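Taking it in order: structure first as structure tokens, then the write-up.
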Amino acid sequence: MKRLFSRSTSSGKRSARRPARKSPRRFFGKKILLAGLLLAVLLASGYVLHLDFVIRERFEGRRFALPARVYARPLELYPGLQLTAAELVEELRLLGYRETASPREPGSYRWRESRVTLKTRDFTFADGMQPATTLQVDFAEGRVARLERVGGDGHLALLRLDPALIGGIYPGNNEDRVLVRLSEVPQRVLDALITVEDVRFYRHRGVDPRGLARALVMTLSGRSLQGGSTLTQQLVKNFFLSSERTVRRKLNEMIMALLLEIHYSKDEILETYLNEVYFGQDGNRAIHGFGLASAHFFDKPLMQIDLSEAALLVGMLKGPSYYSPRRQPERALGRRNLVLASMAEAGVIDDQQLLAARILPLGVVERPPRGTSPYPAFLSLVHRQLRENYRDQDLRSEGLQIFTTLDPWVQRAAERALVGRLEQLESNWNLPAASLQGAVLVSDARNGEVQAVVGGRNPRYEGFNRALDARRPVGSLIKPAIFLTALQPPHRYTLASLLDDSPLLLRQPGTEDWQPQNYDKQFHGPVPLYRVLAQSYNVSTARLGLELGVPEVQQTLRRLGVEPERPGYAASLLGTDAYTVLEMAQLYQTLAGGFRISPRAIREVLTFDGRPLQRYPLAVEQVIDGPTSYLLTTALQRVVTEGTGQGLNRYLPEALGVAGKTGTTDALRDSWFAGFTGNRVAVVWLGRDDNQPAGLTGAGGALTVWGELMAALKQEPVLLAMPEGIEHVWIESSSGRRSAAGCPDVVKLPFVVGTAPAETASCATPREKGTVRRWFERVFR
């Protein structure tokens, strides 16, 4: 037994196994694997947190950069307004109104002989919302006879049409959109969108497994990565990611979609999607969001589109260019009908609605509302004036509404006059085609509002703006500043003062001798001051300017609102200094009445939601007293009636009393005309960009553009109300002596009382001589 036990014990000891020793390599391998997994989880978590931060930072801040919208002046209708029915209809067409048999929709009208019936659009002005109104406008004798609200409370005293959208100041990516709230989106748009793009939108959490499975099959088959994307995923792709087709981008899209739905409600996601989606290009402007798409394709607010139009917009999302209703109408029609069929199949619409919508045309307007400005030269002026008060970043992102002074009628007349006359002048003078250039600026003579700017012979070109940026010698356009300097102290010079037009030689140390010449290469002896200006004699003008002093003339220019070049030279008196069309518009704006008013292109600025942000009030300063202004305007009128501006008589009646001045530079390089009627100031420049001779005088070139422009517009006469202290006296032109009506070579001129010449001409009647004697008696008494 003992042996057995012993054997048994020893046997048990032999069969017992030692514990296996762990391999150091396997032990550290597991630790590395666990550490790697942990690191991967940390990195993945960090990456997800990064994506989460990106989403929340963008979504909780300002989601969209909104461009500033720029509007023209609104046309104000009131009884007595000088306007014909045809002109009103032309304005409505410019605004994109549609002619219909019965104007029930906003933005529609009907024209029957002397009556226009229209329904305006809602519009928010600075003083509040003006709701859509149906009104009847009756005309008689070229004026508005009556305004009457249809179905309302009868006669209207005033109504503003919505202003034309003339452009925008866009973000750097040129994206444009009109933001809409989800509550402003018709249910038919939402039904169409969810039916076609994501029928399970309200049931998934950002990623739809069914759609994902379909996308996976397509990916494995090598066909495409498209398909299966939910609305949330589409928003993530458009909002945060690029459009590259890679697995990495798809994984990011899915993760971010899940995160987006964790933080934000379905309604927030859907509203952002509706404002983000892309609908194609309008030139260099990208159309984004259903709000702008509705205006761009149908010229109506999103709330007003019907079922067929909603289906068209939703159908375009698959390929905005491929299904463009303007370029591919048949393809777009088929896609729209497919969307309608899908809605009927899903039970969103019934068969009757389907049939009614399918038979409708696309309904797309031929001419979309302007995005890229048709008036780039004017918009450039607006932008410059805005930058005095706003950062460029704010102009491109805050959705400001900018109301300007542009008058589309005046702008069109200016463009037609410039382009048409340039072509005709090149033909008449055998100049190379397209060799001439030009610029025009028109403003309101009463308040300085800029009504039109043309920056070149191609008015739609957005490049070099000759009206604002081309600095050219102005020639005789500067001369009124010299004569104003002379007339301002009334007892120094009068319109009848004789000026010496004999040869002039000016020698100054360190400079070449200066010997000005008249255009006709002749000298004219003693010439009355008014005639020197009318005939634009250079020699007598230069002598007058030298007697007054160049610094004094420059100071007059500053008072008129123009900063002269420094230092001033004798030649500056004859316009060798360079100025822009805008600067000359400032000069003549001040001459037209004696008040310095800076040309302004902006009336007011509103915020995105219609709150007044800034007004641009009229700033007026009188810098020419009434009597002197009267004298100078009379002299400028004589430029037109008997001087270098006589050519205007071919375009405008003499009764308008137009005042103006021609300008021509050496070698006929620059042709200028500036002037004013009772209601408008205009400046025209013609020349060549390479500064070679254009071959045109001011009268032969710029004046013809000015005349055609002003003849195409309604003009008011220059009504000179004679101020106190002014009298009219007959003067003998050749001698400058007092004369009488009926005598030869006489002209009736205004004088400040007490400054008319005392010496009488031989022709003067005894009665006139007695009048002179009585004048002397009054003076010495």
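Chains: A, B, ... in order of the structure tokens. Residues: from 1 per chain. Ligands: from 1, in order shown.
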List the neighbours of Glu261 in chain A out to 10 Å using only C-alpha atoms; skip same-chain residues closer than 4 positions along the sequence, and give me the result as an NGL selection string.
:A and (204-207 or 232 or 256-257 or 265-266 or 268-269)
Within 12 Å of Phe403 in chain A, counting only C-alpha atoms, which residues qualify if same-chain residues fewer than 3 places away don't, as a PyMOL selection string?
chain A and resi 68-74+124-126+162-168+379+382+386+400+406-407+449+600-607+610+612-616
Surrounding residues of Pro301 in chain A excluding itself and chain neighbours under 2 positions, 10 Å, only C-alpha atoms, as JSON, numbers by chain
{"A": [106, 121, 122, 178, 180, 184, 185, 290, 291, 292, 293, 294, 295, 296, 298, 299, 303, 304, 305]}
May I ask which of the residues A:Arg460, A:His288, A:Arg188, A:Arg143 is the closest one to Val419 in chain A, counting only C-alpha atoms?
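Using only C-alpha atoms, Val419 in chain A sits closest to A:Arg460.
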Which of these, A:Asn252, A:Thr134, A:Ser629, A:Gln187, has the shortest distance to Asp306 in chain A once you count only C-alpha atoms?
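Going through A:Asn252, A:Thr134, A:Ser629, A:Gln187 one by one, the smallest distance to Asp306 in chain A is for A:Gln187.
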Please list as an mmCIF file with all heavy atoms, in the first residue's frame every residue within 8 Å of Tyr322 in chain A, counting only C-alpha atoms and excluding residues in the same chain fewer than 3 positions away.
```cif
data_model
loop_
_atom_site.group_PDB
_atom_site.id
_atom_site.type_symbol
_atom_site.label_atom_id
_atom_site.label_comp_id
_atom_site.auth_asym_id
_atom_site.auth_seq_id
_atom_site.Cartn_x
_atom_site.Cartn_y
_atom_site.Cartn_z
ATOM 1 N N GLY A 319 -30.242 68.904 -61.591
ATOM 2 C CA GLY A 319 -29.227 69.441 -62.503
ATOM 3 C C GLY A 319 -29.660 70.798 -63.011
ATOM 4 O O GLY A 319 -30.350 70.880 -64.031
ATOM 5 N N GLN A 328 -33.067 74.748 -71.931
ATOM 6 C CA GLN A 328 -33.539 73.400 -72.266
ATOM 7 C C GLN A 328 -35.014 73.265 -71.862
ATOM 8 O O GLN A 328 -35.350 72.497 -70.962
ATOM 9 C CB GLN A 328 -32.689 72.340 -71.540
ATOM 10 C CG GLN A 328 -31.212 72.397 -71.831
ATOM 11 C CD GLN A 328 -30.888 71.983 -73.265
ATOM 12 O OE1 GLN A 328 -31.713 71.384 -73.950
ATOM 13 N NE2 GLN A 328 -29.690 72.303 -73.706
ATOM 14 N N ARG A 331 -36.611 69.616 -71.979
ATOM 15 C CA ARG A 331 -36.053 68.762 -70.930
ATOM 16 C C ARG A 331 -36.620 69.175 -69.568
ATOM 17 O O ARG A 331 -36.966 68.317 -68.739
ATOM 18 C CB ARG A 331 -34.534 68.894 -70.955
ATOM 19 C CG ARG A 331 -33.787 67.816 -70.197
ATOM 20 C CD ARG A 331 -32.295 68.055 -70.319
ATOM 21 N NE ARG A 331 -31.808 67.765 -71.658
ATOM 22 C CZ ARG A 331 -30.627 68.165 -72.122
ATOM 23 N NH1 ARG A 331 -29.822 68.877 -71.364
ATOM 24 N NH2 ARG A 331 -30.258 67.844 -73.348
#
```
Each residue of range 451-482 of chain A with at least one atom at most 9 Å from range 435-443 of chain A should appear once, together with its nearest atom pair and the corresponding distance in Å (one decimal); atoms considered: only C-alpha atoms; ordering: chain, then increasing residue number; output as a tab-separated table.
```
residue	atom	partner	partner_atom	distance
A:Gln451	CA	A:Ser443	CA	5.1
A:Ala452	CA	A:Val442	CA	5.1
A:Val453	CA	A:Leu441	CA	4.6
A:Val454	CA	A:Val440	CA	5.0
A:Gly455	CA	A:Ala439	CA	5.0
A:Gly456	CA	A:Gly438	CA	5.2
A:Arg457	CA	A:Gln437	CA	5.8
A:Asn465	CA	A:Ala439	CA	8.2
A:Arg466	CA	A:Ala439	CA	5.8
A:Ala467	CA	A:Ala439	CA	5.1
A:Leu468	CA	A:Ala439	CA	8.9
```
Counting only C-alpha atoms, the residue among A:Leu235, A:Pro368, A:Arg688, A:Leu307 that lies closest to Gln281 in chain A is A:Pro368
Within range 393-578 of chain A, find each residue whose DSSP state, derived from the backbone, is strand (DSSP E or B), and express the selection as a ChimeraX atom specification.
/A:398,401-404,437-444,449-454,472-473,498-501,506,514,525-528,578
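Using only C-alpha atoms for every distance, the candidate list A:Asp267, A:Glu105, A:Asp513, A:Asp191 yields A:Asp191 as the residue closest to Ala311 in chain A.
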Do a neighbour search on Leu135 in chain A at 8 Å with only C-alpha atoms, toss out local chain neighbours closer than 5 positions, and write the hits as a ChimeraX atom specification.
/A:117-119,147-150
Save the residues we just selected, C-alpha atoms, as a PDB file, in the first residue's frame?
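The resulting file, selection-v6.pdb, is shown below:
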```pdb
ATOM      1  CA  THR A 117     -54.968  99.508 -65.017  1.00  0.00           C
ATOM      2  CA  LEU A 118     -52.262  97.835 -62.960  1.00  0.00           C
ATOM      3  CA  LYS A 119     -51.600  95.926 -59.787  1.00  0.00           C
ATOM      4  CA  LEU A 147     -55.466 108.029 -59.957  1.00  0.00           C
ATOM      5  CA  GLU A 148     -58.132 105.739 -58.567  1.00  0.00           C
ATOM      6  CA  ARG A 149     -57.837 102.641 -56.373  1.00  0.00           C
ATOM      7  CA  VAL A 150     -59.914  99.812 -57.859  1.00  0.00           C
TER       8      VAL A 150
END
```
Excluding same-chain residues fewer than 3 positions from range 356-365 of chain A, what lies within 6 Å of it counting only C-alpha atoms, as a list in words?
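Those residues are Phe297, Phe298, Ser308 and Gln353 of chain A.
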By how many Å are CA of Lys318 in chain A and CA of Glu197 in chain A apart?
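Spanning CA of Lys318 in chain A to CA of Glu197 in chain A is a straight-line distance of 9.1 Å.
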For range 634-643 of chain A, list every protein, DNA or RNA residue within 7 Å, evaluated using only C-alpha atoms, and leave out those in the same chain fewer than 5 positions away; present the list as a JSON list (two decimals) with N, CA and C atoms, in the first residue's frame.
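Result written to part01.json:
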```
[["chain", "number", "residue", "atom", "x", "y", "z"],
["A", 530, "TYR", "N", -18.77, 139.71, -72.06],
["A", 530, "TYR", "CA", -19.73, 138.64, -72.34],
["A", 530, "TYR", "C", -19.42, 137.95, -73.65],
["A", 533, "LEU", "N", -16.48, 135.43, -73.52],
["A", 533, "LEU", "CA", -16.92, 134.12, -73.04],
["A", 533, "LEU", "C", -17.72, 133.40, -74.11],
["A", 534, "ALA", "N", -18.63, 134.12, -74.78],
["A", 534, "ALA", "CA", -19.48, 133.48, -75.79],
["A", 534, "ALA", "C", -18.66, 132.91, -76.94],
["A", 535, "GLN", "N", -17.65, 133.66, -77.39],
["A", 535, "GLN", "CA", -16.84, 133.21, -78.52],
["A", 535, "GLN", "C", -15.61, 132.43, -78.07],
["A", 648, "LEU", "N", -26.58, 124.07, -80.57],
["A", 648, "LEU", "CA", -27.66, 123.48, -79.79],
["A", 648, "LEU", "C", -29.03, 123.88, -80.31],
["A", 657, "GLY", "N", -33.76, 128.69, -72.85],
["A", 657, "GLY", "CA", -32.73, 129.49, -72.18],
["A", 657, "GLY", "C", -31.55, 128.67, -71.71],
["A", 658, "VAL", "N", -31.13, 127.69, -72.51],
["A", 658, "VAL", "CA", -30.03, 126.81, -72.10],
["A", 658, "VAL", "C", -28.75, 127.62, -71.89],
["A", 659, "ALA", "N", -28.03, 127.28, -70.84],
["A", 659, "ALA", "CA", -26.73, 127.90, -70.55],
["A", 659, "ALA", "C", -25.66, 126.82, -70.62],
["A", 660, "GLY", "N", -24.53, 127.12, -71.22],
["A", 660, "GLY", "CA", -23.51, 126.09, -71.33],
["A", 660, "GLY", "C", -22.20, 126.62, -71.87],
["A", 661, "LYS", "N", -21.25, 125.70, -72.01],
["A", 661, "LYS", "CA", -19.93, 126.08, -72.49],
["A", 661, "LYS", "C", -19.27, 124.92, -73.22]]
```
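Considering the residues A:Leu39, A:Ala655, A:Val539, A:Thr485 and counting only C-alpha atoms, Leu505 in chain A has its shortest atom-to-atom contact with A:Val539.
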Using DSSP on the backbone coordinates, identify all residues within range 593-725 of chain A classified as helix (DSSP H, G or I); present the result as a ChimeraX atom specification.
/A:626-642,646-650,654-656,666-668,702-711
Please, could you write that set of residues out with N, CA, C and O atoms as a short mmCIF file (atom, residue, chain, number, x, y, z; two decimals), in the first residue's frame?
```cif
data_model
loop_
_atom_site.label_atom_id
_atom_site.label_comp_id
_atom_site.auth_asym_id
_atom_site.auth_seq_id
_atom_site.Cartn_x
_atom_site.Cartn_y
_atom_site.Cartn_z
N GLY A 626 -26.80 136.18 -55.51
CA GLY A 626 -27.85 136.22 -56.53
C GLY A 626 -27.54 137.09 -57.72
O GLY A 626 -27.65 136.64 -58.89
N PRO A 627 -27.16 138.36 -57.54
CA PRO A 627 -26.87 139.21 -58.71
C PRO A 627 -25.74 138.68 -59.59
O PRO A 627 -25.84 138.69 -60.82
N THR A 628 -24.65 138.20 -58.97
CA THR A 628 -23.54 137.69 -59.77
C THR A 628 -23.94 136.42 -60.53
O THR A 628 -23.57 136.23 -61.69
N SER A 629 -24.70 135.53 -59.88
CA SER A 629 -25.19 134.34 -60.54
C SER A 629 -26.05 134.70 -61.75
O SER A 629 -25.96 134.08 -62.81
N TYR A 630 -26.86 135.73 -61.60
CA TYR A 630 -27.72 136.18 -62.69
C TYR A 630 -26.87 136.65 -63.87
O TYR A 630 -27.14 136.31 -65.03
N LEU A 631 -25.83 137.42 -63.59
CA LEU A 631 -24.96 137.93 -64.66
C LEU A 631 -24.25 136.79 -65.39
O LEU A 631 -24.21 136.76 -66.63
N LEU A 632 -23.67 135.87 -64.62
CA LEU A 632 -22.90 134.80 -65.25
C LEU A 632 -23.81 133.87 -66.06
O LEU A 632 -23.44 133.43 -67.16
N THR A 633 -24.99 133.55 -65.53
CA THR A 633 -25.90 132.69 -66.27
C THR A 633 -26.32 133.35 -67.58
O THR A 633 -26.42 132.70 -68.63
N THR A 634 -26.56 134.66 -67.54
CA THR A 634 -26.89 135.38 -68.77
C THR A 634 -25.76 135.25 -69.79
O THR A 634 -26.01 135.02 -70.99
N ALA A 635 -24.53 135.37 -69.33
CA ALA A 635 -23.38 135.23 -70.24
C ALA A 635 -23.30 133.82 -70.82
O ALA A 635 -23.02 133.63 -72.01
N LEU A 636 -23.55 132.80 -69.98
CA LEU A 636 -23.51 131.42 -70.47
C LEU A 636 -24.66 131.13 -71.43
O LEU A 636 -24.53 130.28 -72.33
N GLN A 637 -25.78 131.79 -71.25
CA GLN A 637 -26.87 131.64 -72.21
C GLN A 637 -26.48 132.22 -73.57
O GLN A 637 -26.87 131.69 -74.62
N ARG A 638 -25.71 133.29 -73.55
CA ARG A 638 -25.27 133.89 -74.81
C ARG A 638 -24.24 133.01 -75.53
O ARG A 638 -24.08 133.12 -76.74
N VAL A 639 -23.55 132.14 -74.79
CA VAL A 639 -22.70 131.14 -75.45
C VAL A 639 -23.54 130.30 -76.41
O VAL A 639 -23.12 129.96 -77.51
N VAL A 640 -24.77 129.99 -75.99
CA VAL A 640 -25.66 129.14 -76.77
C VAL A 640 -26.39 129.92 -77.86
O VAL A 640 -26.60 129.42 -78.97
N THR A 641 -26.77 131.14 -77.58
CA THR A 641 -27.56 131.89 -78.56
C THR A 641 -26.71 132.54 -79.64
O THR A 641 -27.17 132.70 -80.77
N GLU A 642 -25.45 132.92 -79.31
CA GLU A 642 -24.67 133.64 -80.31
C GLU A 642 -23.20 133.24 -80.33
O GLU A 642 -22.42 133.83 -81.09
N GLN A 646 -23.92 127.68 -80.43
CA GLN A 646 -25.11 127.91 -81.25
C GLN A 646 -25.67 126.63 -81.87
O GLN A 646 -26.86 126.57 -82.18
N GLY A 647 -24.82 125.62 -82.02
CA GLY A 647 -25.28 124.37 -82.62
C GLY A 647 -26.41 123.71 -81.84
O GLY A 647 -27.14 122.87 -82.39
N LEU A 648 -26.58 124.07 -80.57
CA LEU A 648 -27.66 123.48 -79.79
C LEU A 648 -29.03 123.88 -80.31
O LEU A 648 -30.04 123.22 -80.00
N ASN A 649 -29.09 124.97 -81.07
CA ASN A 649 -30.37 125.41 -81.60
C ASN A 649 -30.98 124.38 -82.56
O ASN A 649 -32.18 124.44 -82.84
N ARG A 650 -30.17 123.47 -83.07
CA ARG A 650 -30.70 122.39 -83.92
C ARG A 650 -31.45 121.36 -83.10
O ARG A 650 -32.23 120.57 -83.65
N GLU A 654 -34.93 127.79 -78.42
CA GLU A 654 -34.24 128.89 -77.75
C GLU A 654 -34.97 129.32 -76.49
O GLU A 654 -34.35 129.82 -75.54
N ALA A 655 -36.28 129.08 -76.46
CA ALA A 655 -37.08 129.50 -75.30
C ALA A 655 -36.66 128.79 -74.01
O ALA A 655 -36.98 129.24 -72.92
N LEU A 656 -35.94 127.67 -74.12
CA LEU A 656 -35.48 126.97 -72.91
C LEU A 656 -34.44 127.78 -72.16
O LEU A 656 -34.22 127.57 -70.96
N ASP A 666 -5.78 121.25 -77.00
CA ASP A 666 -4.77 121.33 -78.05
C ASP A 666 -4.82 120.10 -78.95
O ASP A 666 -5.01 118.97 -78.50
N ALA A 667 -4.63 120.36 -80.23
CA ALA A 667 -4.61 119.31 -81.26
C ALA A 667 -5.93 118.55 -81.34
O ALA A 667 -5.98 117.44 -81.88
N LEU A 668 -6.98 119.16 -80.82
CA LEU A 668 -8.33 118.55 -80.87
C LEU A 668 -8.35 117.17 -80.22
O LEU A 668 -9.01 116.25 -80.69
N ALA A 702 -18.84 116.89 -78.63
CA ALA A 702 -19.59 116.70 -77.39
C ALA A 702 -20.92 117.44 -77.41
O ALA A 702 -21.92 116.94 -76.87
N LEU A 703 -20.96 118.63 -78.03
CA LEU A 703 -22.21 119.39 -78.06
C LEU A 703 -23.32 118.60 -78.75
O LEU A 703 -24.49 118.67 -78.33
N THR A 704 -22.99 117.86 -79.79
CA THR A 704 -24.03 117.11 -80.51
C THR A 704 -24.60 115.98 -79.66
O THR A 704 -25.79 115.68 -79.73
N VAL A 705 -23.74 115.35 -78.84
CA VAL A 705 -24.23 114.32 -77.91
C VAL A 705 -25.13 114.97 -76.87
O VAL A 705 -26.21 114.46 -76.56
N TRP A 706 -24.69 116.10 -76.33
CA TRP A 706 -25.45 116.83 -75.31
C TRP A 706 -26.82 117.22 -75.86
O TRP A 706 -27.85 117.07 -75.19
N GLY A 707 -26.84 117.73 -77.09
CA GLY A 707 -28.09 118.15 -77.69
C GLY A 707 -29.06 117.01 -77.89
O GLY A 707 -30.25 117.12 -77.57
N GLU A 708 -28.58 115.88 -78.41
CA GLU A 708 -29.46 114.73 -78.63
C GLU A 708 -29.99 114.18 -77.31
O GLU A 708 -31.15 113.79 -77.19
N LEU A 709 -29.12 114.14 -76.32
CA LEU A 709 -29.52 113.65 -74.99
C LEU A 709 -30.65 114.51 -74.42
O LEU A 709 -31.69 114.00 -74.00
N MET A 710 -30.42 115.81 -74.38
CA MET A 710 -31.41 116.69 -73.75
C MET A 710 -32.69 116.79 -74.57
O MET A 710 -33.78 116.97 -74.01
N ALA A 711 -32.60 116.66 -75.87
CA ALA A 711 -33.79 116.71 -76.71
C ALA A 711 -34.68 115.50 -76.49
O ALA A 711 -35.89 115.56 -76.73
#
```
Report, in Å with one decimal, the straight-line distance from CA of Thr404 in chain A to CA of Ile169 in chain A.
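One can read the CA of Thr404 in chain A to CA of Ile169 in chain A distance as 13.5 Å.
Remark: for Thr84 in chain A, the closest of the candidate residues A:Gly448, A:Ser427, A:Lys714, A:Arg596 is A:Lys714 (distances computed over only C-alpha atoms).
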Give me, as CSV, each residue of range 667-753 of chain A that comes within 9 Å of range 493-499 of chain A, together with its shortest interatomic pair and the distance in Å at one decimal, counting only C-alpha atoms, with rows ordered by chain and rising residue number.
```
residue,atom,partner,partner_atom,distance
A:Ile731,CA,A:Ala496,CA,7.3
A:Glu732,CA,A:Ala496,CA,8.7
A:Ser733,CA,A:Ala496,CA,7.5
A:Ser734,CA,A:Leu498,CA,8.6
A:Ser735,CA,A:Leu498,CA,7.6
A:Gly736,CA,A:Ala496,CA,5.4
A:Arg737,CA,A:Ala496,CA,8.0
A:Leu749,CA,A:Leu495,CA,7.2
A:Pro750,CA,A:Leu495,CA,7.7
A:Phe751,CA,A:Thr494,CA,6.9
A:Val752,CA,A:Thr494,CA,8.3
```
